[in-house]
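One file, upload.cif, is given below (mmCIF, C-alpha atoms and all ligand atoms).
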```
data_input
#
loop_
_atom_site.label_atom_id
_atom_site.label_comp_id
_atom_site.auth_asym_id
_atom_site.auth_seq_id
_atom_site.Cartn_x
_atom_site.Cartn_y
_atom_site.Cartn_z
CA MET M 10 0.00 0.00 0.00
CA PRO M 11 1.42 3.41 -0.89
CA ARG M 12 2.05 5.78 1.96
CA ILE M 13 -0.09 8.93 2.01
CA LEU M 14 1.91 12.08 2.76
CA ASP M 15 -0.48 14.01 4.97
CA GLY M 16 -0.06 17.69 4.08
CA VAL M 17 -2.65 18.76 6.63
CA ALA M 18 -0.67 17.22 9.51
CA ILE M 19 2.67 18.53 8.24
CA ALA M 20 1.25 22.03 7.76
CA ALA M 21 -0.15 21.91 11.31
CA GLU M 22 3.27 20.93 12.64
CA ILE M 23 4.94 23.87 10.82
CA LYS M 24 2.26 26.27 12.07
CA ARG M 25 2.83 25.07 15.65
CA GLU M 26 6.54 25.78 15.27
CA VAL M 27 5.85 29.23 13.80
CA ALA M 28 3.41 30.06 16.63
CA GLU M 29 6.03 29.03 19.18
CA GLU M 30 8.63 31.35 17.62
CA VAL M 31 6.09 34.16 17.34
CA ARG M 32 5.52 33.83 21.11
CA THR M 33 9.28 34.01 21.71
CA LEU M 34 9.54 37.14 19.55
CA ALA M 35 6.60 38.71 21.40
CA ALA M 36 8.63 38.48 24.60
CA GLN M 37 11.21 40.68 22.81
CA GLY M 38 8.49 43.15 21.77
CA VAL M 39 8.42 42.00 18.13
CA ARG M 40 5.21 41.03 16.33
CA PRO M 41 5.53 39.83 12.70
CA GLY M 42 3.01 41.48 10.39
CA LEU M 43 1.56 40.55 7.01
CA ALA M 44 -0.27 42.89 4.62
CA ALA M 45 -2.63 40.98 2.33
CA VAL M 46 -3.84 42.93 -0.67
CA LEU M 47 -6.95 41.61 -2.39
CA VAL M 48 -8.18 43.62 -5.36
CA GLY M 49 -11.89 43.50 -6.08
CA LYS M 50 -14.26 40.67 -5.35
CA GLY M 51 -13.33 37.27 -6.79
CA ALA M 52 -14.75 34.21 -5.10
CA ALA M 53 -11.72 31.90 -5.38
CA SER M 54 -8.99 34.32 -4.38
CA GLU M 55 -11.14 35.88 -1.67
CA ILE M 56 -11.33 32.53 0.10
CA TYR M 57 -7.55 32.07 -0.26
CA VAL M 58 -6.85 35.49 1.24
CA ARG M 59 -9.31 35.03 4.10
CA ASN M 60 -7.65 31.69 4.93
CA LYS M 61 -4.27 33.43 5.01
CA VAL M 62 -5.57 36.20 7.28
CA GLN M 63 -7.16 33.59 9.56
CA ALA M 64 -3.87 31.65 9.71
CA CYS M 65 -2.14 34.87 10.87
CA ALA M 66 -4.71 35.30 13.63
CA ASP M 67 -4.28 31.67 14.71
CA LEU M 68 -0.50 32.03 14.98
CA GLY M 69 -0.32 35.46 16.64
CA ILE M 70 0.88 37.23 13.49
CA TYR M 71 -0.54 40.72 12.87
CA SER M 72 -2.36 41.06 9.56
CA ASP M 73 -3.81 43.93 7.61
CA LEU M 74 -6.28 43.06 4.85
CA ILE M 75 -6.37 45.78 2.21
CA THR M 76 -9.07 45.60 -0.46
CA PRO M 77 -8.72 48.16 -3.27
CA LEU M 78 -11.61 48.41 -5.73
CA ASP M 79 -11.24 46.46 -8.98
CA THR M 80 -11.02 49.79 -10.85
CA VAL M 81 -7.66 50.50 -9.16
CA THR M 82 -4.81 51.63 -11.43
CA THR M 83 -1.20 50.45 -11.53
CA GLU M 84 -0.10 53.86 -10.18
CA GLU M 85 -2.47 53.63 -7.21
CA MET M 86 -1.26 50.10 -6.48
CA LEU M 87 2.36 51.26 -6.69
CA ASP M 88 1.58 53.99 -4.12
CA LEU M 89 0.04 51.36 -1.87
CA VAL M 90 3.08 49.06 -2.19
CA ALA M 91 5.43 51.99 -1.47
CA ALA M 92 3.47 52.78 1.70
CA LEU M 93 3.59 49.13 2.80
CA ASN M 94 7.33 48.96 2.07
CA ASP M 95 7.76 51.89 4.50
CA ARG M 96 5.55 50.55 7.29
CA ASP M 97 7.52 49.14 10.20
CA ASP M 98 4.62 46.98 11.44
CA ILE M 99 4.55 45.11 8.11
CA ASP M 100 7.15 42.39 7.45
CA GLY M 101 5.46 40.63 4.56
CA ILE M 102 3.47 41.93 1.59
CA LEU M 103 1.21 39.59 -0.28
CA ILE M 104 -0.59 40.69 -3.42
CA GLN M 105 -3.16 38.09 -4.31
CA LEU M 106 -3.16 37.13 -7.98
CA PRO M 107 -4.78 37.35 -10.47
CA LEU M 108 -5.03 41.15 -10.71
CA PRO M 109 -7.48 43.03 -12.96
CA HIS M 110 -6.22 43.42 -16.53
CA GLN M 111 -5.48 47.16 -16.19
CA VAL M 112 -2.95 46.53 -13.40
CA ASP M 113 0.57 45.62 -14.50
CA ALA M 114 1.27 42.70 -12.16
CA LYS M 115 4.95 42.41 -13.08
CA VAL M 116 5.73 46.07 -12.34
CA LEU M 117 3.84 45.79 -9.09
CA LEU M 118 5.49 42.60 -7.83
CA ASP M 119 8.90 44.06 -8.70
CA ALA M 120 8.07 47.12 -6.55
CA ILE M 121 7.71 45.06 -3.35
CA ALA M 122 10.79 45.41 -1.15
CA PRO M 123 12.66 42.08 -1.53
CA SER M 124 12.94 41.90 2.28
CA LYS M 125 9.10 41.88 2.49
CA ASP M 126 8.49 39.61 -0.52
CA VAL M 127 7.01 36.67 1.39
CA ASP M 128 5.76 35.05 -1.83
CA GLY M 129 9.37 34.88 -3.02
CA PHE M 130 8.50 36.15 -6.53
CA HIS M 131 10.82 39.19 -6.66
CA PRO M 132 13.79 38.81 -9.06
CA VAL M 133 16.19 39.49 -6.15
CA ASN M 134 14.76 36.54 -4.23
CA ALA M 135 14.68 34.43 -7.41
CA GLY M 136 18.40 35.23 -7.76
CA HIS M 137 19.09 34.24 -4.16
CA LEU M 138 17.24 31.00 -4.79
CA LEU M 139 19.29 30.30 -7.92
CA ALA M 140 22.50 30.96 -5.98
CA GLY M 141 21.39 28.68 -3.13
CA ARG M 142 21.55 31.47 -0.52
CA PRO M 143 19.07 31.64 2.33
CA ALA M 144 16.18 33.80 1.13
CA LEU M 145 12.41 33.98 0.96
CA ALA M 146 11.59 31.01 -1.28
CA PRO M 147 8.20 30.64 -3.02
CA CYS M 148 5.76 29.01 -0.63
CA THR M 149 4.44 26.04 -2.62
CA PRO M 150 7.88 24.75 -3.72
CA ALA M 151 9.26 25.31 -0.20
CA GLY M 152 6.30 23.29 1.07
CA ILE M 153 7.21 20.40 -1.24
CA ILE M 154 10.67 20.19 0.33
CA GLU M 155 9.13 20.28 3.83
CA ILE M 156 6.81 17.39 2.95
CA LEU M 157 9.70 15.28 1.66
CA LYS M 158 12.04 16.07 4.54
CA ARG M 159 9.51 15.72 7.32
CA SER M 160 8.30 12.43 5.84
CA GLY M 161 11.87 11.08 5.82
CA ILE M 162 11.91 10.65 2.04
CA PRO M 163 15.50 10.78 0.79
CA ILE M 164 16.22 13.54 -1.74
CA ALA M 165 20.01 13.53 -2.13
CA GLY M 166 21.11 11.44 -5.09
CA GLN M 167 17.52 10.73 -6.14
CA HIS M 168 16.29 11.50 -9.63
CA ALA M 169 13.64 14.20 -9.25
CA VAL M 170 11.57 14.94 -12.34
CA VAL M 171 9.54 18.16 -12.25
CA VAL M 172 6.80 18.46 -14.87
CA GLY M 173 6.04 22.18 -15.27
CA ARG M 174 8.40 25.15 -15.47
CA SER M 175 6.39 28.08 -14.15
CA ASP M 176 8.19 30.78 -12.17
CA ILE M 177 6.01 30.16 -9.13
CA VAL M 178 6.06 26.35 -8.91
CA GLY M 179 8.06 24.28 -11.42
CA LYS M 180 11.31 26.26 -11.67
CA PRO M 181 11.71 27.06 -7.95
CA ALA M 182 10.75 23.47 -7.02
CA ALA M 183 13.48 22.18 -9.35
CA LEU M 184 16.05 24.57 -7.83
CA LEU M 185 15.15 23.66 -4.26
CA LEU M 186 15.43 19.95 -5.11
CA LEU M 187 18.80 20.61 -6.74
CA HIS M 188 20.01 22.38 -3.59
CA GLN M 189 18.98 19.26 -1.67
CA ASN M 190 21.32 17.32 -4.00
CA ALA M 191 18.71 15.60 -6.13
CA THR M 192 19.51 14.97 -9.79
CA VAL M 193 16.85 17.13 -11.41
CA THR M 194 15.12 17.00 -14.78
CA ILE M 195 12.61 19.69 -15.74
CA CYS M 196 9.93 18.82 -18.31
CA HIS M 197 7.39 21.04 -20.06
CA SER M 198 4.94 21.12 -22.94
CA LYS M 199 7.68 20.80 -25.58
CA THR M 200 9.34 17.77 -23.94
CA HIS M 201 9.54 14.76 -26.26
CA ASP M 202 8.46 11.38 -24.93
CA LEU M 203 7.51 12.72 -21.51
CA GLY M 204 6.60 9.26 -20.17
CA ALA M 205 10.10 7.92 -20.83
CA ILE M 206 11.46 10.66 -18.55
CA THR M 207 8.80 10.57 -15.83
CA ARG M 208 9.27 6.78 -15.57
CA GLN M 209 12.85 7.44 -14.42
CA ALA M 210 11.69 9.59 -11.52
CA ASP M 211 12.28 8.53 -7.93
CA ILE M 212 10.47 11.76 -7.01
CA LEU M 213 7.94 13.03 -9.54
CA VAL M 214 6.56 16.55 -9.08
CA ALA M 215 3.49 17.32 -11.20
CA ALA M 216 2.80 21.06 -11.58
CA ILE M 217 0.99 21.19 -14.89
CA GLY M 218 -2.58 22.35 -14.32
CA ARG M 219 -4.18 19.48 -16.25
CA PRO M 220 -6.46 17.05 -14.45
CA GLY M 221 -5.12 13.51 -14.12
CA PHE M 222 -2.36 14.17 -16.65
CA ILE M 223 0.19 11.79 -15.08
CA THR M 224 -1.19 8.32 -15.82
CA PRO M 225 -0.05 4.99 -14.33
CA GLU M 226 2.17 4.12 -17.33
CA MET M 227 4.16 7.33 -16.72
CA VAL M 228 5.16 6.30 -13.18
CA LYS M 229 7.96 4.08 -11.89
CA PRO M 230 6.52 1.70 -9.30
CA GLY M 231 7.54 2.80 -5.80
CA ALA M 232 8.19 6.43 -6.79
CA THR M 233 7.20 9.37 -4.59
CA LEU M 234 4.50 11.40 -6.33
CA ILE M 235 4.08 15.06 -5.40
CA ASP M 236 0.88 16.34 -6.96
CA VAL M 237 0.72 20.14 -7.00
CA GLY M 238 -2.26 20.39 -9.36
CA ILE M 239 -5.58 21.81 -8.26
CA ASN M 240 -8.21 21.26 -10.95
CA ARG M 241 -11.91 21.60 -10.28
CA ILE M 242 -14.14 19.18 -12.17
CA ASN M 243 -17.90 19.52 -12.25
CA ASN M 244 -19.24 17.10 -14.81
CA ARG M 245 -20.19 13.51 -14.19
CA GLU M 246 -18.26 12.02 -17.10
CA GLU M 247 -15.03 13.60 -15.89
CA PHE M 248 -15.77 12.55 -12.32
CA ASP M 249 -16.17 8.91 -13.43
CA ARG M 250 -12.90 9.06 -15.38
CA TYR M 251 -10.98 9.71 -12.16
CA PHE M 252 -13.08 8.52 -9.27
CA ALA M 253 -15.44 5.75 -10.48
CA GLY M 254 -16.14 3.46 -7.51
CA ASN M 255 -14.89 5.96 -4.91
CA THR M 256 -18.06 6.26 -2.83
CA LYS M 257 -16.70 8.83 -0.39
CA ARG M 258 -15.71 11.18 -3.22
CA GLU M 259 -18.98 10.54 -4.97
CA ALA M 260 -21.01 11.64 -1.94
CA ALA M 261 -18.99 14.89 -1.75
CA PHE M 262 -19.30 15.43 -5.52
CA VAL M 263 -23.07 14.96 -5.46
CA LYS M 264 -23.40 17.30 -2.48
CA ARG M 265 -21.24 20.12 -3.87
CA GLY M 266 -21.63 19.55 -7.61
CA SER M 267 -17.85 19.56 -8.04
CA THR M 268 -14.63 18.08 -6.70
CA ILE M 269 -10.92 18.66 -7.05
CA VAL M 270 -8.51 16.42 -8.91
CA GLY M 271 -4.76 16.88 -9.10
CA ASP M 272 -2.41 16.60 -12.07
CA VAL M 273 -1.82 12.93 -11.23
CA HIS M 274 -4.48 10.39 -12.16
CA PRO M 275 -5.71 8.70 -8.95
CA LYS M 276 -4.91 5.29 -10.52
CA ALA M 277 -1.24 6.32 -10.73
CA PHE M 278 -1.15 6.81 -6.94
CA GLU M 279 -1.72 3.07 -6.55
CA LEU M 280 1.74 2.40 -8.00
CA ALA M 281 3.52 4.94 -5.82
CA GLY M 282 5.68 4.30 -2.77
CA ALA M 283 4.29 7.52 -1.32
CA TYR M 284 2.13 10.34 -2.60
CA THR M 285 0.50 13.64 -1.70
CA PRO M 286 -3.29 13.43 -2.02
CA VAL M 287 -5.44 16.16 -3.60
CA PRO M 288 -6.85 17.81 -1.61
CA GLY M 289 -4.83 17.57 1.62
CA GLY M 290 -1.31 17.22 0.20
CA VAL M 291 0.70 20.17 -1.11
CA GLY M 292 -2.13 22.72 -0.79
CA PRO M 293 -2.09 23.16 3.02
CA LEU M 294 1.70 23.69 2.94
CA THR M 295 1.35 26.85 0.86
CA ILE M 296 -0.29 28.80 3.70
CA ALA M 297 1.98 27.25 6.34
CA MET M 298 5.07 28.33 4.37
CA LEU M 299 3.62 31.83 3.92
CA MET M 300 3.42 32.05 7.71
CA ALA M 301 6.98 30.69 8.02
CA ASN M 302 8.20 33.24 5.45
CA THR M 303 6.48 36.11 7.30
CA LEU M 304 8.22 35.06 10.50
CA ARG M 305 11.52 34.70 8.64
CA ALA M 306 11.13 38.14 7.02
CA ALA M 307 10.41 39.68 10.45
CA LYS M 308 13.57 38.13 11.89
CA LEU M 309 15.82 38.93 8.91
CA ARG M 310 14.67 42.56 8.83
CA ARG M 311 15.68 42.94 12.48
CA GLY M 312 18.90 40.98 12.10
CA LEU M 313 17.63 38.26 14.47
P1 LIG F 401 1.31 27.21 -15.22
O1 LIG F 401 0.16 27.13 -16.16
O2 LIG F 401 1.98 28.52 -14.99
O3 LIG F 401 2.44 26.18 -15.73
C1 LIG F 401 2.11 24.90 -16.20
C2 LIG F 401 3.34 24.19 -16.68
O4 LIG F 401 2.93 22.91 -17.15
C3 LIG F 401 4.03 24.92 -17.84
O5 LIG F 401 5.43 24.96 -17.62
C4 LIG F 401 3.69 24.06 -19.05
O6 LIG F 401 4.71 23.97 -20.03
C5 LIG F 401 3.51 22.69 -18.42
N1 LIG F 401 2.65 21.87 -19.27
C6 LIG F 401 1.43 22.20 -19.76
N2 LIG F 401 0.97 21.22 -20.56
C7 LIG F 401 1.94 20.28 -20.59
C8 LIG F 401 2.06 19.03 -21.26
N3 LIG F 401 1.11 18.57 -22.08
N4 LIG F 401 3.19 18.31 -21.06
C9 LIG F 401 4.16 18.77 -20.25
N5 LIG F 401 4.10 19.95 -19.59
C10 LIG F 401 3.00 20.68 -19.76
O7 LIG F 401 0.82 26.55 -13.87
P2 LIG F 401 1.37 26.73 -12.36
O8 LIG F 401 2.78 26.27 -12.29
O9 LIG F 401 1.02 28.06 -11.83
O10 LIG F 401 0.43 25.68 -11.60
C11 LIG F 401 0.46 24.31 -11.91
C12 LIG F 401 -0.63 23.60 -11.13
O11 LIG F 401 -0.39 23.75 -9.74
C13 LIG F 401 -2.04 24.17 -11.35
O12 LIG F 401 -2.98 23.12 -11.28
C14 LIG F 401 -2.25 25.10 -10.19
O13 LIG F 401 -3.61 25.26 -9.84
C15 LIG F 401 -1.52 24.35 -9.11
N6 LIG F 401 -1.02 25.18 -8.01
C16 LIG F 401 -1.22 24.71 -6.75
C17 LIG F 401 -0.76 25.40 -5.67
C18 LIG F 401 -0.97 24.82 -4.31
O14 LIG F 401 -0.99 25.54 -3.34
N7 LIG F 401 -1.11 23.51 -4.20
C19 LIG F 401 -0.09 26.70 -5.80
C20 LIG F 401 0.16 27.07 -7.18
C21 LIG F 401 -0.32 26.33 -8.23
P3 LIG F 401 5.17 25.25 -20.93
O15 LIG F 401 6.02 26.09 -20.02
O16 LIG F 401 5.94 24.64 -22.03
O17 LIG F 401 3.91 25.93 -21.35
#
```

Would you write the structure of this file as structure tokens?
Ligand code: NDP
Amino acid sequence: MPRILDGVAIAAEIKREVAEEVRTLAAQGVRPGLAAVLVGKGAASEIYVRNKVQACADLGIYSDLITPLDTVTTEEMLDLVAALNDRDDIDGILIQLPLPHQVDAKVLLDAIAPSKDVDGFHPVNAGHLLAGRPALAPCTPAGIIEILKRSGIPIAGQHAVVVGRSDIVGKPAALLLLHQNATVTICHSKTHDLGAITRQADILVAAIGRPGFITPEMVKPGATLIDVGINRINNREEFDRYFAGNTKREAAFVKRGSTIVGDVHPKAFELAGAYTPVPGGVGPLTIAMLMANTLRAAKLRRGL
């Protein structure tokens, strides 16, 4: 039976550690603070941001939720970022994506002070990551490393194959695995004979954004499968393709009218040595690592 890597439990463990350190800092008169900027009203990202703000409250981190109207301009957003960069009570700045089309996201993310860039997207932090220096690493990839390490899964010397090369998941995940001494291969939409490469993976990271894309014949038996994908499916035919016979999932699907499937086909998990489920695998780590990065930013800024 493959081992399930429980992201909920690992995230809870990290949050406990962060809360403990936040209490220690409080004794020194320091309270880490996160500014969360949510532009306009968008159901999906609103829930994400509220979960992040709630996590701050749970861990004793100060948070400020700022909600500009969806008519906001790039210039107004730049003024907001400049003000947050200057605020001493704010250690981390999070701008929830996507932004409305009139706002230049790249210009905006580049304007965040690298020392407060808790998402780890700023080119300065990307450079630190490339160079293997301690920095603020992107949360989801950092979470992948935490899952592997805390589950006792060896990384050094293993062949890690990362499918996906985005700046926020695939590329940083590959770099972090490389810094842990894995032998890393990065695949993408132009890769020839993808299955021949993924079948070599001891650790296979799927960050593609396509439901059930990694099928059983693409997996080496016993491999560790890290499924980053979050894909919502809401039609019956698709549901049956992935979850036929899964009565627990079916009850939830019927109740909600949708469910989430990762980038790995559930049948492929059966071949794995260990895997992260969807939901409950990588997802919970993203918020936990955001909290860890906010704490880290607070300490680094004060030279602690
Ligand atoms: P992007 O769309 O930015 O990147 C997808 C990558 O997959 C690209 O590099 C693309 O290649 C590659 N790809 C697409 N089709 C194929 C194919 N047929 N064969 C091989 N590679 C392919 O997605 P993200 O990296 O932002 O996200 C990936 C997934 O992770 C999504 O499902 C997203 O929802 C999820 N996610 C989950 C998070 C979490 O907290 N768990 C956080 C962030 C994302 P190319 O570059 O050539 O186009």

What are the centre and edge lengths in Å, to one decimal, of the axis-aligned box around all listed atoms of ligand LIG 401 (chain F) with 3 Å added on each side, as JSON?
```
{"center_x": 1.2, "center_y": 23.4, "center_z": -12.7, "size_x": 15.6, "size_y": 16.2, "size_z": 24.7}
```

Which residues of chain M have any atom within 6 Å of an atom in ligand LIG 401 (chain F) when counting all atoms listed in the file, and what is the closest pair of atoms for each, with the distance in Å to one decimal? Order the rows by chain and rising number and write it as a tab-separated table.
```
residue	atom	partner	partner_atom	distance
M:Thr149	CA	F:LIG401	O14	5.5
M:Val172	CA	F:LIG401	N5	5.6
M:Gly173	CA	F:LIG401	C2	3.6
M:Arg174	CA	F:LIG401	O5	3.7
M:Ser175	CA	F:LIG401	O8	4.4
M:Ile177	CA	F:LIG401	O8	6.0
M:Val178	CA	F:LIG401	O8	4.7
M:Gly179	CA	F:LIG401	O8	5.7
M:His197	CA	F:LIG401	N5	3.5
M:Ser198	CA	F:LIG401	N5	3.6
M:Lys199	CA	F:LIG401	O16	5.5
M:Ala216	CA	F:LIG401	C11	4.0
M:Ile217	CA	F:LIG401	O4	3.4
M:Gly218	CA	F:LIG401	O12	3.2
M:Val237	CA	F:LIG401	O11	4.7
M:Gly238	CA	F:LIG401	O12	3.4
M:Ile239	CA	F:LIG401	O12	4.2
M:Asn240	CA	F:LIG401	O12	5.6
M:Val291	CA	F:LIG401	N7	4.9
M:Gly292	CA	F:LIG401	N7	3.6
M:Thr295	CA	F:LIG401	O14	5.0
```

Q: Kindly give the distance, in Å, that separates atom CA of M:Cys65 and atom CA of M:Ile121, rounded to a single decimal.
A: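 Here the two named atoms are 20.1 Å from each other.
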
Q: For stretch 44-51 of chain M, work out the shell of residues within 8 Å, counting only C-alpha atoms and skipping chain neighbours fewer than 2 positions away, then give it as number ranges by chain.
A: M: 42, 53-55, 58, 62, 72-81, 93, 99-105, 108-109

Q.
Calculated over only C-alpha atoms, which of the candidates M:Gly166, M:Thr303, M:Pro181, M:Glu29 has the smallest distance to M:Ala151?
A.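 With only C-alpha atoms as the atom set, the closest residue is M:Pro181.
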
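You can rank M:Ala35, M:Ile56, M:Ala64, M:Met227 by their closest distance to M:Leu294 using only C-alpha atoms, and at the top of that list sits M:Ala64.
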
Q: Take atom CA of M:Ile269 and atom CA of M:Ile242 and report the distance between them in Å, one decimal.
A: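 We find that atom CA of M:Ile269 and atom CA of M:Ile242 lie 6.1 Å from each other.
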
(Q) Need the shell around M:Val287: protein/DNA/RNA residues with any atom at most 12 Å away, counting only C-alpha atoms. Skip same-chain ones fewer than 6 positions apart. Format as a list in words? (A)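 My reading of the contact set: Ile13, Leu14, Asp15, Gly16, Val17, Ala215, Pro220, Gly221, Leu234, Ile235, Asp236, Val237, Gly238, Ile239, Asn240, Arg241, Arg258, Thr268, Ile269, Val270, Gly271, Asp272, Val273, His274, Pro275, Phe278 and Pro293 of chain M.
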
Generate N, CA and C atoms for stretch 79-104 of chain M and emit them as a compact mmCIF listing (two decimals), in the coordinates of the input.
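Dumped to out.txt:
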```
# COMPACT_ATOMS: atom_id res chain seq x y z
N ASP M 79 -11.81 47.09 -7.78
CA ASP M 79 -11.24 46.46 -8.98
C ASP M 79 -11.04 47.45 -10.14
N THR M 80 -11.33 48.74 -9.87
CA THR M 80 -11.02 49.79 -10.85
C THR M 80 -9.65 50.42 -10.56
N VAL M 81 -8.94 49.91 -9.57
CA VAL M 81 -7.66 50.50 -9.16
C VAL M 81 -6.67 50.51 -10.33
N THR M 82 -5.80 51.54 -10.35
CA THR M 82 -4.81 51.63 -11.43
C THR M 82 -3.45 51.10 -10.95
N THR M 83 -2.55 50.89 -11.89
CA THR M 83 -1.20 50.45 -11.53
C THR M 83 -0.55 51.49 -10.62
N GLU M 84 -0.72 52.78 -10.96
CA GLU M 84 -0.10 53.86 -10.18
C GLU M 84 -0.60 53.83 -8.74
N GLU M 85 -1.92 53.66 -8.57
CA GLU M 85 -2.47 53.63 -7.21
C GLU M 85 -1.92 52.41 -6.44
N MET M 86 -1.80 51.30 -7.13
CA MET M 86 -1.26 50.10 -6.48
C MET M 86 0.21 50.30 -6.11
N LEU M 87 0.95 50.99 -6.99
CA LEU M 87 2.36 51.26 -6.69
C LEU M 87 2.49 52.15 -5.45
N ASP M 88 1.58 53.14 -5.32
CA ASP M 88 1.58 53.99 -4.12
C ASP M 88 1.32 53.14 -2.87
N LEU M 89 0.37 52.22 -3.00
CA LEU M 89 0.04 51.36 -1.87
C LEU M 89 1.25 50.51 -1.47
N VAL M 90 1.91 49.91 -2.47
CA VAL M 90 3.08 49.06 -2.19
C VAL M 90 4.18 49.90 -1.54
N ALA M 91 4.39 51.12 -2.05
CA ALA M 91 5.43 51.99 -1.47
C ALA M 91 5.13 52.26 0.00
N ALA M 92 3.85 52.51 0.31
CA ALA M 92 3.47 52.78 1.70
C ALA M 92 3.72 51.55 2.57
N LEU M 93 3.39 50.37 2.03
CA LEU M 93 3.59 49.13 2.80
C LEU M 93 5.07 48.85 2.99
N ASN M 94 5.87 49.15 1.95
CA ASN M 94 7.33 48.96 2.07
C ASN M 94 7.88 49.78 3.24
N ASP M 95 7.27 50.97 3.47
CA ASP M 95 7.76 51.89 4.50
C ASP M 95 7.23 51.57 5.90
N ARG M 96 6.17 50.78 5.98
CA ARG M 96 5.55 50.55 7.29
C ARG M 96 6.37 49.58 8.14
N ASP M 97 6.68 49.99 9.36
CA ASP M 97 7.52 49.14 10.20
C ASP M 97 6.74 47.96 10.80
N ASP M 98 5.41 48.09 10.86
CA ASP M 98 4.62 46.98 11.44
C ASP M 98 4.35 45.88 10.40
N ILE M 99 4.79 46.10 9.18
CA ILE M 99 4.55 45.11 8.11
C ILE M 99 5.88 44.47 7.70
N ASP M 100 5.94 43.13 7.85
CA ASP M 100 7.15 42.39 7.45
C ASP M 100 6.97 41.69 6.12
N GLY M 101 5.72 41.37 5.80
CA GLY M 101 5.46 40.63 4.56
C GLY M 101 4.34 41.30 3.78
N ILE M 102 4.52 41.36 2.45
CA ILE M 102 3.47 41.93 1.59
C ILE M 102 3.04 40.86 0.61
N LEU M 103 1.74 40.60 0.62
CA LEU M 103 1.21 39.59 -0.28
C LEU M 103 0.19 40.24 -1.19
N ILE M 104 0.41 40.17 -2.48
CA ILE M 104 -0.59 40.69 -3.42
C ILE M 104 -1.23 39.49 -4.09
```
